[in-house]
file work.cif (mmCIF, C-alpha atoms)
data_final
#
loop_
_atom_site.label_atom_id
_atom_site.label_comp_id
_atom_site.auth_asym_id
_atom_site.auth_seq_id
_atom_site.Cartn_x
_atom_site.Cartn_y
_atom_site.Cartn_z
CA MET A 1 -22.25 -8.82 12.65
CA CYS A 2 -24.63 -7.82 9.87
CA LEU A 3 -23.34 -10.76 7.85
CA ALA A 4 -26.14 -12.16 5.72
CA LEU A 5 -26.05 -14.50 2.74
CA PRO A 6 -28.32 -15.09 -0.24
CA ALA A 7 -29.84 -18.58 -0.14
CA ARG A 8 -32.40 -20.32 -2.38
CA VAL A 9 -35.72 -21.35 -0.88
CA ALA A 10 -35.88 -25.11 -1.46
CA GLU A 11 -39.01 -25.94 0.47
CA ARG A 12 -41.63 -24.11 2.53
CA VAL A 13 -42.40 -25.61 5.93
CA GLY A 14 -45.69 -24.50 7.44
CA MET A 15 -46.60 -20.79 7.52
CA ASP A 16 -43.39 -19.24 8.77
CA HIS A 17 -40.49 -21.53 7.94
CA ALA A 18 -38.51 -22.76 4.97
CA ILE A 19 -35.60 -25.00 4.11
CA VAL A 20 -32.99 -22.99 2.23
CA ASP A 21 -30.10 -24.22 0.14
CA LEU A 22 -26.85 -22.33 0.55
CA GLY A 23 -24.28 -23.69 -1.86
CA GLY A 24 -25.39 -27.23 -1.02
CA VAL A 25 -25.92 -26.69 2.71
CA ARG A 26 -29.57 -27.03 3.70
CA LYS A 27 -30.88 -25.18 6.70
CA ARG A 28 -34.24 -24.48 8.30
CA ILE A 29 -34.90 -20.77 8.70
CA SER A 30 -37.78 -18.48 9.58
CA ILE A 31 -39.42 -16.59 6.71
CA ALA A 32 -41.85 -14.73 8.96
CA LEU A 33 -40.26 -11.41 7.89
CA VAL A 34 -40.54 -12.27 4.17
CA PRO A 35 -43.91 -14.05 3.96
CA GLU A 36 -44.07 -13.57 0.18
CA ALA A 37 -41.02 -15.87 -0.41
CA ARG A 38 -41.73 -18.77 -2.76
CA VAL A 39 -39.79 -21.92 -3.62
CA GLY A 40 -36.99 -20.95 -6.02
CA ASP A 41 -36.70 -17.38 -4.71
CA TYR A 42 -33.42 -16.18 -3.22
CA VAL A 43 -33.75 -14.72 0.27
CA ILE A 44 -31.13 -12.91 2.35
CA VAL A 45 -30.54 -14.90 5.53
CA HIS A 46 -29.37 -13.33 8.79
CA VAL A 47 -29.26 -15.05 12.23
CA GLY A 48 -31.75 -17.71 11.16
CA TYR A 49 -34.27 -15.33 9.57
CA ALA A 50 -34.82 -14.25 5.99
CA ILE A 51 -34.74 -10.43 6.15
CA GLY A 52 -35.34 -9.66 2.48
CA LEU A 53 -35.86 -10.99 -1.01
CA LEU A 54 -33.23 -10.82 -3.72
CA ASP A 55 -34.41 -9.39 -7.04
CA PRO A 56 -32.75 -11.45 -9.82
CA GLU A 57 -33.46 -8.85 -12.51
CA GLU A 58 -31.84 -6.08 -10.49
CA ALA A 59 -28.85 -8.34 -9.76
CA GLN A 60 -28.47 -8.96 -13.49
CA ALA A 61 -28.80 -5.24 -14.23
CA THR A 62 -26.04 -4.40 -11.73
CA LEU A 63 -23.72 -7.04 -13.20
CA GLN A 64 -24.54 -5.73 -16.68
CA LEU A 65 -23.58 -2.24 -15.54
CA PHE A 66 -20.15 -3.47 -14.37
CA ALA A 67 -19.63 -5.25 -17.69
CA GLU A 68 -20.69 -2.29 -19.83
CA MET A 69 -18.51 0.11 -17.93
CA SER A 70 -15.49 -2.03 -18.52
CA ALA A 71 -16.07 -2.39 -22.25
CA MET B 1 -22.29 -19.29 -4.44
CA LYS B 2 -24.80 -17.55 -6.68
CA TYR B 3 -25.14 -13.80 -6.10
CA VAL B 4 -21.85 -13.80 -4.17
CA ASP B 5 -19.06 -15.02 -6.49
CA GLU B 6 -20.09 -12.80 -9.42
CA PHE B 7 -19.64 -9.76 -7.20
CA ARG B 8 -16.04 -10.68 -6.32
CA ASP B 9 -14.57 -10.79 -9.84
CA GLY B 10 -11.00 -9.46 -9.69
CA ASP B 11 -10.74 -8.33 -13.34
CA LEU B 12 -13.94 -6.31 -13.09
CA ALA B 13 -12.74 -4.80 -9.81
CA ARG B 14 -9.52 -3.62 -11.46
CA ARG B 15 -11.50 -2.10 -14.31
CA ILE B 16 -13.83 -0.24 -11.96
CA GLY B 17 -10.68 0.90 -10.13
CA ALA B 18 -9.28 2.23 -13.40
CA ASN B 19 -12.54 4.11 -14.01
CA ILE B 20 -12.39 5.64 -10.53
CA ALA B 21 -8.79 6.75 -11.14
CA HIS B 22 -9.79 8.14 -14.55
CA GLU B 23 -12.77 10.10 -13.23
CA ALA B 24 -11.27 11.33 -9.95
CA ASP B 25 -10.04 14.91 -10.23
CA PRO B 26 -6.28 14.86 -9.45
CA SER B 27 -6.43 18.43 -8.16
CA ARG B 28 -8.56 17.52 -5.15
CA ASP B 29 -8.94 14.92 -2.38
CA TYR B 30 -11.89 12.61 -1.82
CA ARG B 31 -12.74 11.33 1.68
CA PHE B 32 -15.60 8.89 1.98
CA MET B 33 -16.81 7.19 5.14
CA GLU B 34 -18.02 3.64 4.92
CA PHE B 35 -20.42 3.48 7.85
CA CYS B 36 -20.65 -0.31 8.15
CA GLY B 37 -18.14 -2.75 9.55
CA GLY B 38 -19.18 -5.10 6.76
CA HIS B 39 -17.78 -2.61 4.25
CA THR B 40 -14.66 -2.02 6.37
CA HIS B 41 -14.07 -5.77 6.32
CA ALA B 42 -14.63 -6.07 2.55
CA ILE B 43 -12.32 -3.11 1.82
CA ALA B 44 -9.53 -4.65 3.93
CA ARG B 45 -10.01 -8.29 2.97
CA TYR B 46 -10.21 -7.77 -0.79
CA GLY B 47 -7.52 -5.11 -0.96
CA VAL B 48 -9.94 -2.50 -2.33
CA VAL B 49 -7.64 0.25 -1.02
CA ASP B 50 -4.91 -0.89 -3.43
CA LEU B 51 -7.27 -0.27 -6.35
CA LEU B 52 -8.06 3.31 -5.35
CA PRO B 53 -6.11 6.43 -6.39
CA ASP B 54 -3.86 8.09 -3.78
CA ASN B 55 -6.12 11.13 -3.46
CA LEU B 56 -9.11 9.01 -2.38
CA ARG B 57 -9.25 7.88 1.24
CA MET B 58 -11.80 5.65 2.94
CA ILE B 59 -12.60 6.56 6.56
CA HIS B 60 -13.93 3.72 8.68
CA GLY B 61 -17.20 4.53 10.42
CA PRO B 62 -18.79 3.29 13.66
CA GLY B 63 -21.10 0.71 12.07
CA CYS B 64 -19.71 -2.31 13.88
CA PRO B 65 -22.17 -3.13 16.67
CA VAL B 66 -19.59 -5.03 18.70
CA CYS B 67 -17.17 -2.09 18.51
CA VAL B 68 -19.66 0.50 19.74
CA LEU B 69 -20.93 -1.65 22.61
CA PRO B 70 -19.78 0.17 25.78
CA ILE B 71 -18.01 -1.69 28.58
CA GLY B 72 -20.93 -0.96 30.93
CA ARG B 73 -23.38 -2.99 28.83
CA VAL B 74 -21.10 -6.03 28.76
CA ASP B 75 -20.66 -5.64 32.54
CA MET B 76 -24.46 -5.82 32.91
CA ALA B 77 -24.49 -9.15 31.06
CA ILE B 78 -21.61 -10.52 33.14
CA ARG B 79 -23.29 -9.43 36.40
CA LEU B 80 -26.47 -11.20 35.30
CA ALA B 81 -24.56 -14.42 34.71
CA PHE B 82 -22.52 -14.31 37.94
CA GLU B 83 -24.91 -12.72 40.42
CA ARG B 84 -28.34 -13.80 39.17
CA ASP B 85 -27.36 -17.25 37.97
CA VAL B 86 -28.95 -16.84 34.57
CA MET B 87 -28.10 -18.76 31.40
CA LEU B 88 -26.82 -15.90 29.26
CA CYS B 89 -26.99 -16.39 25.48
CA THR B 90 -25.39 -14.11 22.91
CA TYR B 91 -23.83 -13.93 19.45
CA GLY B 92 -20.25 -15.17 19.00
CA ASP B 93 -18.95 -11.69 18.15
CA VAL B 94 -19.85 -10.42 21.62
CA MET B 95 -17.98 -13.10 23.53
CA ARG B 96 -14.55 -11.46 23.48
CA VAL B 97 -15.50 -7.80 23.97
CA PRO B 98 -13.31 -6.52 26.85
CA ALA B 99 -15.28 -5.63 29.99
CA SER B 100 -14.32 -4.43 33.49
CA ASP B 101 -11.85 -6.25 35.76
CA GLY B 102 -10.05 -7.88 32.83
CA LEU B 103 -13.18 -9.89 32.05
CA SER B 104 -15.09 -10.65 28.90
CA LEU B 105 -18.05 -12.99 28.47
CA MET B 106 -15.57 -15.64 27.32
CA ARG B 107 -13.44 -15.23 30.45
CA ALA B 108 -16.54 -15.16 32.65
CA LYS B 109 -17.54 -18.47 31.07
CA ALA B 110 -14.10 -19.88 31.86
CA ARG B 111 -14.68 -18.86 35.48
CA GLY B 112 -17.88 -20.84 35.63
CA ALA B 113 -20.62 -18.47 34.44
CA ASP B 114 -23.25 -20.16 32.27
CA ILE B 115 -22.71 -18.28 29.01
CA ARG B 116 -23.84 -19.77 25.71
CA MET B 117 -22.87 -18.69 22.21
CA VAL B 118 -25.84 -18.84 19.82
CA TYR B 119 -26.30 -18.31 16.09
CA SER B 120 -29.88 -17.09 16.33
CA PRO B 121 -32.28 -15.77 18.99
CA LEU B 122 -34.29 -18.89 18.11
CA ASP B 123 -31.52 -20.96 19.72
CA ALA B 124 -31.95 -18.97 22.94
CA LEU B 125 -35.70 -19.64 22.82
CA LYS B 126 -34.99 -23.36 22.46
CA LEU B 127 -32.67 -23.29 25.47
CA ALA B 128 -35.40 -21.57 27.50
CA GLY B 129 -37.91 -24.23 26.45
CA ALA B 130 -35.52 -27.04 27.33
CA ASN B 131 -34.53 -25.55 30.72
CA PRO B 132 -37.77 -24.43 32.39
CA GLY B 133 -36.04 -24.25 35.78
CA ARG B 134 -33.50 -21.68 34.60
CA GLU B 135 -33.75 -17.99 33.72
CA VAL B 136 -32.51 -17.61 30.13
CA VAL B 137 -31.43 -14.14 28.98
CA PHE B 138 -30.60 -13.28 25.37
CA PHE B 139 -28.06 -10.44 25.22
CA ALA B 140 -29.25 -8.79 21.98
CA ILE B 141 -26.96 -6.41 20.14
CA GLY B 142 -26.83 -5.11 16.59
CA PHE B 143 -28.22 -2.56 14.17
CA GLU B 144 -31.53 -2.72 12.29
CA THR B 145 -30.45 -5.90 10.45
CA THR B 146 -30.44 -7.88 13.68
CA THR B 147 -33.33 -6.14 15.45
CA PRO B 148 -36.36 -7.65 13.64
CA PRO B 149 -35.27 -11.23 14.52
CA THR B 150 -35.07 -10.20 18.20
CA ALA B 151 -38.56 -8.69 17.93
CA LEU B 152 -39.95 -11.93 16.48
CA ALA B 153 -38.22 -14.00 19.17
CA ILE B 154 -39.89 -11.91 21.90
CA ARG B 155 -43.28 -12.28 20.23
CA GLN B 156 -42.75 -16.02 19.92
CA ALA B 157 -41.79 -16.27 23.61
CA GLU B 158 -45.08 -14.54 24.42
CA SER B 159 -47.18 -16.78 22.18
CA ASP B 160 -45.40 -19.89 23.50
CA GLY B 161 -46.07 -18.72 27.08
CA LEU B 162 -42.36 -18.92 28.02
CA GLN B 163 -41.97 -17.68 31.58
CA ASN B 164 -38.18 -17.92 31.86
CA PHE B 165 -37.00 -15.98 28.79
CA SER B 166 -35.97 -12.33 28.61
CA VAL B 167 -33.83 -10.04 26.46
CA LEU B 168 -31.10 -7.60 27.48
CA CYS B 169 -31.73 -5.19 24.63
CA SER B 170 -28.74 -3.23 23.30
CA HIS B 171 -29.98 -2.64 19.74
CA VAL B 172 -28.83 0.61 18.17
CA LEU B 173 -30.01 2.76 15.27
CA THR B 174 -28.00 3.63 12.16
CA PRO B 175 -29.47 6.99 11.09
CA ALA B 176 -29.02 8.43 14.60
CA ALA B 177 -25.32 7.51 14.56
CA ILE B 178 -24.77 9.07 11.12
CA THR B 179 -26.51 12.26 12.30
CA HIS B 180 -24.25 12.32 15.37
CA ILE B 181 -21.13 12.07 13.19
CA LEU B 182 -22.36 14.79 10.85
CA ARG B 183 -23.00 17.10 13.80
CA SER B 184 -19.67 16.37 15.49
CA PRO B 185 -17.21 19.28 15.68
CA GLU B 186 -14.63 17.24 13.75
CA VAL B 187 -16.91 17.09 10.73
CA GLN B 188 -18.70 20.43 11.09
CA ASP B 189 -15.47 22.39 11.27
CA TYR B 190 -14.33 20.51 8.17
CA ARG B 191 -10.86 20.24 9.57
CA THR B 192 -10.04 16.99 11.33
CA VAL B 193 -12.56 14.68 9.62
CA PRO B 194 -13.53 15.97 6.21
CA ILE B 195 -16.21 13.67 4.80
CA ASP B 196 -17.30 14.11 1.18
CA GLY B 197 -19.87 11.32 1.21
CA PHE B 198 -21.01 8.04 2.70
CA VAL B 199 -21.07 4.46 1.50
CA GLY B 200 -24.44 3.54 3.00
CA PRO B 201 -25.28 0.28 4.80
CA ALA B 202 -26.15 -2.88 2.89
CA HIS B 203 -28.22 -5.17 5.08
CA VAL B 204 -29.48 -2.47 7.44
CA SER B 205 -30.96 -0.79 4.35
CA ILE B 206 -32.79 -3.97 3.32
CA VAL B 207 -34.80 -3.45 6.51
CA ILE B 208 -35.11 0.35 6.77
CA GLY B 209 -34.99 1.20 3.04
CA SER B 210 -33.08 4.07 1.45
CA ARG B 211 -35.50 6.80 2.51
CA PRO B 212 -34.06 7.44 6.03
CA TYR B 213 -30.81 8.69 4.43
CA GLU B 214 -32.49 11.34 2.29
CA GLY B 215 -32.16 13.92 5.07
CA PHE B 216 -28.36 13.54 5.05
CA ALA B 217 -28.29 14.44 1.38
CA THR B 218 -30.63 17.43 1.65
CA THR B 219 -29.80 18.83 5.13
CA TYR B 220 -26.07 18.14 5.29
CA ARG B 221 -25.32 18.17 1.55
CA LYS B 222 -23.56 14.80 1.72
CA PRO B 223 -23.95 12.20 -1.03
CA VAL B 224 -24.92 8.71 0.14
CA VAL B 225 -24.59 5.58 -2.00
CA ILE B 226 -26.06 2.40 -0.52
CA ALA B 227 -23.84 -0.55 -1.43
CA GLY B 228 -23.81 -4.32 -1.05
CA PHE B 229 -21.06 -5.94 1.02
CA GLU B 230 -19.18 -7.57 -1.88
CA PRO B 231 -16.04 -5.88 -3.21
CA LEU B 232 -17.51 -4.96 -6.62
CA ASP B 233 -20.45 -3.33 -4.86
CA VAL B 234 -18.10 -1.20 -2.77
CA MET B 235 -16.00 -0.22 -5.80
CA GLN B 236 -19.08 0.75 -7.82
CA ALA B 237 -20.44 2.81 -4.91
CA ILE B 238 -17.12 4.66 -4.64
CA LEU B 239 -17.29 5.45 -8.36
CA MET B 240 -20.86 6.73 -7.93
CA LEU B 241 -19.71 8.92 -5.01
CA VAL B 242 -16.83 10.36 -7.06
CA ARG B 243 -19.32 11.25 -9.81
CA GLN B 244 -21.70 12.94 -7.35
CA VAL B 245 -18.85 14.99 -5.88
CA ASN B 246 -17.54 15.94 -9.34
CA GLU B 247 -21.00 17.05 -10.46
CA GLY B 248 -21.75 18.89 -7.21
CA ARG B 249 -24.67 16.60 -6.41
CA ALA B 250 -25.70 15.36 -2.95
CA GLU B 251 -28.26 12.60 -3.43
CA VAL B 252 -29.13 9.19 -2.08
CA GLU B 253 -28.27 6.62 -4.72
CA ASN B 254 -28.68 2.88 -4.47
CA GLU B 255 -26.09 0.49 -5.84
CA PHE B 256 -27.63 -2.47 -3.97
CA THR B 257 -30.90 -2.48 -5.92
CA ARG B 258 -31.00 -6.27 -5.91
CA ALA B 259 -31.99 -6.18 -2.24
CA VAL B 260 -32.78 -2.60 -1.17
CA THR B 261 -35.86 -0.55 -2.00
CA ARG B 262 -36.75 2.99 -0.95
CA GLU B 263 -39.38 1.70 1.49
CA GLY B 264 -37.47 -1.27 2.96
CA ASN B 265 -39.08 -4.34 4.52
CA ALA B 266 -42.46 -3.18 5.88
CA CYS B 267 -43.05 -6.46 7.69
CA ALA B 268 -39.74 -6.16 9.58
CA GLN B 269 -40.38 -2.49 10.40
CA ALA B 270 -43.81 -3.37 11.80
CA ALA B 271 -42.34 -6.09 14.03
CA MET B 272 -39.70 -3.68 15.37
CA GLY B 273 -42.30 -0.96 15.97
CA ASP B 274 -44.56 -3.38 17.83
CA VAL B 275 -41.92 -4.65 20.26
CA PHE B 276 -39.46 -1.75 20.64
CA GLU B 277 -39.49 1.98 21.30
CA VAL B 278 -36.70 4.54 21.07
CA ARG B 279 -34.56 5.14 24.16
CA GLU B 280 -34.07 8.76 25.19
CA SER B 281 -30.30 8.30 25.06
CA PHE B 282 -27.74 5.50 24.84
CA GLU B 283 -24.00 5.36 25.38
CA TRP B 284 -21.90 4.31 22.39
CA ARG B 285 -18.25 3.45 22.74
CA GLY B 286 -16.39 6.23 20.97
CA LEU B 287 -19.37 8.48 20.42
CA GLY B 288 -20.54 8.89 24.04
CA GLN B 289 -24.21 9.49 24.83
CA VAL B 290 -26.19 9.75 21.60
CA PRO B 291 -29.82 10.91 21.89
CA ALA B 292 -32.57 8.70 20.42
CA SER B 293 -30.00 6.25 19.06
CA ALA B 294 -31.10 2.91 20.53
CA LEU B 295 -34.14 0.81 21.27
CA LYS B 296 -35.73 -0.57 24.42
CA ILE B 297 -38.53 -3.08 24.89
CA ARG B 298 -42.03 -1.58 25.09
CA GLY B 299 -44.03 -1.83 28.32
CA ASP B 300 -46.44 -4.33 26.71
CA TYR B 301 -43.55 -6.79 26.61
CA ALA B 302 -42.02 -5.83 29.99
CA LEU B 303 -42.08 -9.47 31.10
CA PHE B 304 -39.41 -10.16 28.48
CA ASP B 305 -37.26 -7.14 29.31
CA ALA B 306 -34.24 -8.30 31.35
CA GLU B 307 -33.57 -4.73 32.54
CA THR B 308 -37.01 -4.60 34.18
CA ARG B 309 -37.14 -8.22 35.21
CA PHE B 310 -33.82 -8.13 37.07
CA ASP B 311 -33.98 -4.44 38.00
CA LEU B 312 -30.66 -3.74 36.27
CA ASP B 313 -28.93 -0.40 36.29
CA TYR B 314 -26.38 0.84 33.77
CA ARG B 315 -23.02 1.99 35.14
CA PRO B 316 -20.78 3.73 32.59
CA VAL B 317 -17.12 2.64 32.57
CA ALA B 318 -14.23 4.55 30.98
CA ASP B 319 -12.18 2.84 28.25
CA HIS B 320 -8.52 1.87 28.73
CA LYS B 321 -6.54 5.12 28.88
CA GLN B 322 -4.31 4.43 25.91
CA CYS B 323 -6.97 2.76 23.77
CA GLU B 324 -7.85 4.93 20.79
CA CYS B 325 -11.04 3.06 19.83
CA GLY B 326 -13.11 6.18 20.48
CA ALA B 327 -11.14 8.34 18.07
CA ILE B 328 -10.93 5.50 15.54
CA LEU B 329 -14.72 4.97 15.63
CA ARG B 330 -15.25 8.68 14.93
CA GLY B 331 -12.81 8.55 12.00
CA VAL B 332 -10.39 10.94 13.76
CA LYS B 333 -7.53 8.44 13.98
CA LYS B 334 -6.33 5.42 12.05
CA PRO B 335 -5.66 2.09 13.82
CA THR B 336 -1.90 2.53 13.34
CA GLU B 337 -2.03 5.79 15.29
CA CYS B 338 -2.90 3.87 18.47
CA LYS B 339 0.09 2.97 20.69
CA LEU B 340 -1.46 -0.39 21.57
CA PHE B 341 -2.14 -1.49 17.97
CA GLY B 342 -0.43 -4.72 17.02
CA ASN B 343 1.67 -5.05 20.15
CA VAL B 344 -0.43 -5.19 23.33
CA CYS B 345 -3.69 -5.23 21.38
CA THR B 346 -4.16 -7.99 18.79
CA PRO B 347 -7.19 -10.05 17.70
CA GLU B 348 -6.03 -12.81 20.08
CA THR B 349 -5.82 -10.46 23.06
CA PRO B 350 -7.94 -7.42 22.23
CA MET B 351 -7.69 -4.41 24.56
CA GLY B 352 -10.22 -2.34 22.66
CA SER B 353 -13.44 -3.24 20.94
CA CYS B 354 -12.24 -2.35 17.40
CA MET B 355 -9.82 -5.28 17.63
CA VAL B 356 -12.54 -7.79 18.59
CA SER B 357 -14.85 -8.24 15.63
CA SER B 358 -13.40 -8.96 12.19
CA GLU B 359 -15.48 -5.95 11.12
CA GLY B 360 -13.66 -3.62 13.49
CA ALA B 361 -11.26 -1.16 11.87
CA CYS B 362 -8.30 -2.41 13.94
CA ALA B 363 -8.94 -6.12 13.44
CA ALA B 364 -9.49 -5.62 9.70
CA HIS B 365 -6.24 -3.68 9.36
CA TYR B 366 -4.33 -6.12 11.56
CA SER B 367 -5.54 -9.15 9.59
CA TYR B 368 -5.27 -7.82 6.06
CA GLY B 369 -3.38 -4.54 5.95
CA ARG B 370 -0.62 -4.34 8.51
CA PHE B 371 2.15 -5.52 6.20
CA ARG B 372 1.24 -2.79 3.73
CA ASP B 373 2.55 -0.31 6.29
CA ILE B 374 6.03 -1.80 6.14
CA PRO B 375 8.10 -0.54 3.20
CA VAL B 376 9.44 -3.26 0.92
CA VAL B 377 13.24 -3.15 0.92
CA SER B 378 15.01 -4.67 -2.05
CA SER B 379 18.38 -6.29 -1.54
#
call {"tool": "encode", "arguments": {"input": "work.cif", "output": "structure tokens"}}
result
Amino acid sequence: MCLALPARVAERVGMDHAIVDLGGVRKRISIALVPEARVGDYVIVHVGYAIGLLDPEEAQATLQLFAEMSA
Amino acid sequence: MKYVDEFRDGDLARRIGANIAHEADPSRDYRFMEFCGGHTHAIARYGVVDLLPDNLRMIHGPGCPVCVLPIGRVDMAIRLAFERDVMLCTYGDVMRVPASDGLSLMRAKARGADIRMVYSPLDALKLAGANPGREVVFFAIGFETTTPPTALAIRQAESDGLQNFSVLCSHVLTPAAITHILRSPEVQDYRTVPIDGFVGPAHVSIVIGSRPYEGFATTYRKPVVIAGFEPLDVMQAILMLVRQVNEGRAEVENEFTRAVTREGNACAQAAMGDVFEVRESFEWRGLGQVPASALKIRGDYALFDAETRFDLDYRPVADHKQCECGAILRGVKKPTECKLFGNVCTPETPMGSCMVSSEGACAAHYSYGRFRDIPVVSS
């Protein structure tokens, strides 16, 4: 139910909408809850709305942590 | 897909599993509750349980909104469709939840009720715009992840001047449910449901932030680690919980830093606060009446509140006598301890709500874990 997926903002449409790219699938969503989203950002999409931004540096840091632990 | 595939790497998962086994103290047991159905699903689907030591058990929590939806709320939606001739829109997960008289929304649709499955509340708004002669009701369920979109849909209906759109609001609140579990006799007595810590919600926490969980760490001395919904996230969170328990700490830690901050999404919180207020009490399947655990639409938006608009009343309905969903949702029983599991009750013909959504404890175990229960016999 809380399923949400990270998708890249490909294009902003007006004030509140954007076209996102999700592994090649393009979809129009609302970004009214994440007005700071810019083209190229990854947003978390749930029921047609972006509900948050994905921080690429933090994602990298988490992956780095997994890798270091396993060394 | 970027930011998904990297977090499903099997080799890394096995290594984190080895670290958990290495750091877990063999002289004690660890019992962690994953609150969310999203985590329950990930644990079952990716076989996370197989990577955990025998003295560490995951207890499935009540964080599956479909599972905790009481029969009486679904009955309200069905009555609206049959008796008030509305076009009732809802999410796909809700369609098969068992209701009274052997009905579900799906079966009501088969009997002629106008019930539409939608992906987004925006789709319900579109249907209202395209059918001005019909009353369109969006049956809104879900935790804080799903609530802000409903709030925005109501505000859009107002700004668009839609006269035929309303919402049957059944949104529920995560922190209230966790508090209820922590105060339950099963947990407080530390006998039937010993919980050493929580894997905290992923997407709910994007919206509400990590701060609302801080009370659980300080007041109830339970560690909480917020985790993403991918298998490596869950594994890492379990390792962090084992470390907290070993070191005698009870803190809120955040594994899902790529999406969750302490403050959460202020814009989403403001939209929720504008449109909704807390209900005095709300019935949850399995947990019963839980005070201040759900939302209703504020008076300013009464025009869009289906309960007001159609003068609806809530009539509680008891679950099937042999269905153990209640005990399973509280973590008291496992799916396999229910007499109906896997015979009368399957994902195709669910008797109880935990078998409906793929995030429900019973459906997850039926789909991914039931053969693990059968011993392998060599010839």
call {"tool": "resolve_selection", "arguments": {"input": "work.cif", "expression": "the PyMOL selection byres ((chain B) within 9 of (chain A))", "output": "VMD selection string"}}
result
chain B and resid 1 to 4 6 to 7 12 to 13 15 to 16 19 36 to 38 64 to 66 91 93 119 to 122 142 to 146 148 to 149 152 202 to 204 206 to 207 229 232 to 233 236 255 to 260 264 to 268 271 357 to 359
call {"tool": "atom_distance", "arguments": {"input": "work.cif", "atom1": "atom CA of B:Gly273", "atom2": "atom CA of B:Asp160"}}
result
20.6 Å
call {"tool": "atom_distance", "arguments": {"input": "work.cif", "atom1": "atom CA of B:Ser104", "atom2": "atom CA of B:Phe304"}}
result
24.3 Å
call {"tool": "resolve_selection", "arguments": {"input": "work.cif", "expression": "the PyMOL selection byres ((chain B and resi 366) around 9)", "output": "PyMOL selection string"}}
result
chain B and resi 335+341-342+346-347+355+361-365+367-371
call {"tool": "atom_distance", "arguments": {"input": "work.cif", "atom1": "atom CA of B:Leu162", "atom2": "atom CA of B:Arg134"}}
result
11.4 Å
call {"tool": "closest_residue", "arguments": {"input": "work.cif", "among": "A:Val45, A:Lys27, A:Arg38, A:Gln64", "to": "A:Arg12", "atoms": "only C-alpha atoms"}}
result
A:Arg38
call {"tool": "resolve_selection", "arguments": {"input": "work.cif", "expression": "the PyMOL selection byres ((chain B and resi 24) around 9)", "output": "mmCIF file with C-alpha atoms, in the coordinates of the input"}}
result
data_model
loop_
_atom_site.group_PDB
_atom_site.id
_atom_site.type_symbol
_atom_site.label_atom_id
_atom_site.label_comp_id
_atom_site.auth_asym_id
_atom_site.auth_seq_id
_atom_site.Cartn_x
_atom_site.Cartn_y
_atom_site.Cartn_z
ATOM 1 C CA ASN B 19 -12.540 4.110 -14.010
ATOM 2 C CA ILE B 20 -12.390 5.640 -10.530
ATOM 3 C CA ALA B 21 -8.790 6.750 -11.140
ATOM 4 C CA HIS B 22 -9.790 8.140 -14.550
ATOM 5 C CA GLU B 23 -12.770 10.100 -13.230
ATOM 6 C CA ASP B 25 -10.040 14.910 -10.230
ATOM 7 C CA PRO B 26 -6.280 14.860 -9.450
ATOM 8 C CA SER B 27 -6.430 18.430 -8.160
ATOM 9 C CA ARG B 28 -8.560 17.520 -5.150
ATOM 10 C CA ASP B 29 -8.940 14.920 -2.380
ATOM 11 C CA TYR B 30 -11.890 12.610 -1.820
ATOM 12 C CA PRO B 53 -6.110 6.430 -6.390
ATOM 13 C CA ASN B 55 -6.120 11.130 -3.460
ATOM 14 C CA LEU B 56 -9.110 9.010 -2.380
ATOM 15 C CA LEU B 239 -17.290 5.450 -8.360
ATOM 16 C CA VAL B 242 -16.830 10.360 -7.060
ATOM 17 C CA ARG B 243 -19.320 11.250 -9.810
ATOM 18 C CA ASN B 246 -17.540 15.940 -9.340
#
call {"tool": "residues_near_point", "arguments": {"input": "work.cif", "point": "(-38.3, -25.6, -1.4)", "cutoff": "7 Å", "atoms": "all atoms listed in the file", "output": "PDB file with C-alpha atoms, keeping the file's coordinate frame"}}
result
ATOM      1  CA  VAL A   9     -35.720 -21.350  -0.880  1.00  0.00           C
ATOM      2  CA  ALA A  10     -35.880 -25.110  -1.460  1.00  0.00           C
ATOM      3  CA  GLU A  11     -39.010 -25.940   0.470  1.00  0.00           C
ATOM      4  CA  ARG A  12     -41.630 -24.110   2.530  1.00  0.00           C
ATOM      5  CA  ALA A  18     -38.510 -22.760   4.970  1.00  0.00           C
ATOM      6  CA  ILE A  19     -35.600 -25.000   4.110  1.00  0.00           C
ATOM      7  CA  VAL A  20     -32.990 -22.990   2.230  1.00  0.00           C
ATOM      8  CA  VAL A  39     -39.790 -21.920  -3.620  1.00  0.00           C
ATOM      9  CA  GLY A  40     -36.990 -20.950  -6.020  1.00  0.00           C
TER      10      GLY A  40
END
call {"tool": "residues_near_point", "arguments": {"input": "work.cif", "point": "(-7.9, -8.4, 0.2)", "cutoff": "12 Å", "atoms": "all atoms listed in the file", "output": "list in words"}}
result
Arg8, Gly10, Ala13, Thr40, His41, Ala42, Ile43, Ala44, Arg45, Tyr46, Gly47, Val48, Val49, Asp50, Leu51, Glu230, Pro231, Ala364, His365, Ser367, Tyr368, Gly369, Arg370 and Arg372 of chain B
call {"tool": "residues_around", "arguments": {"input": "work.cif", "residues": "B:Cys325", "least_positions_apart": "4", "cutoff": "8 Å", "atoms": "only C-alpha atoms", "output": "list in words"}}
result
Arg285, Gly286, Leu329, Gly352, Ser353 and Cys354 of chain B
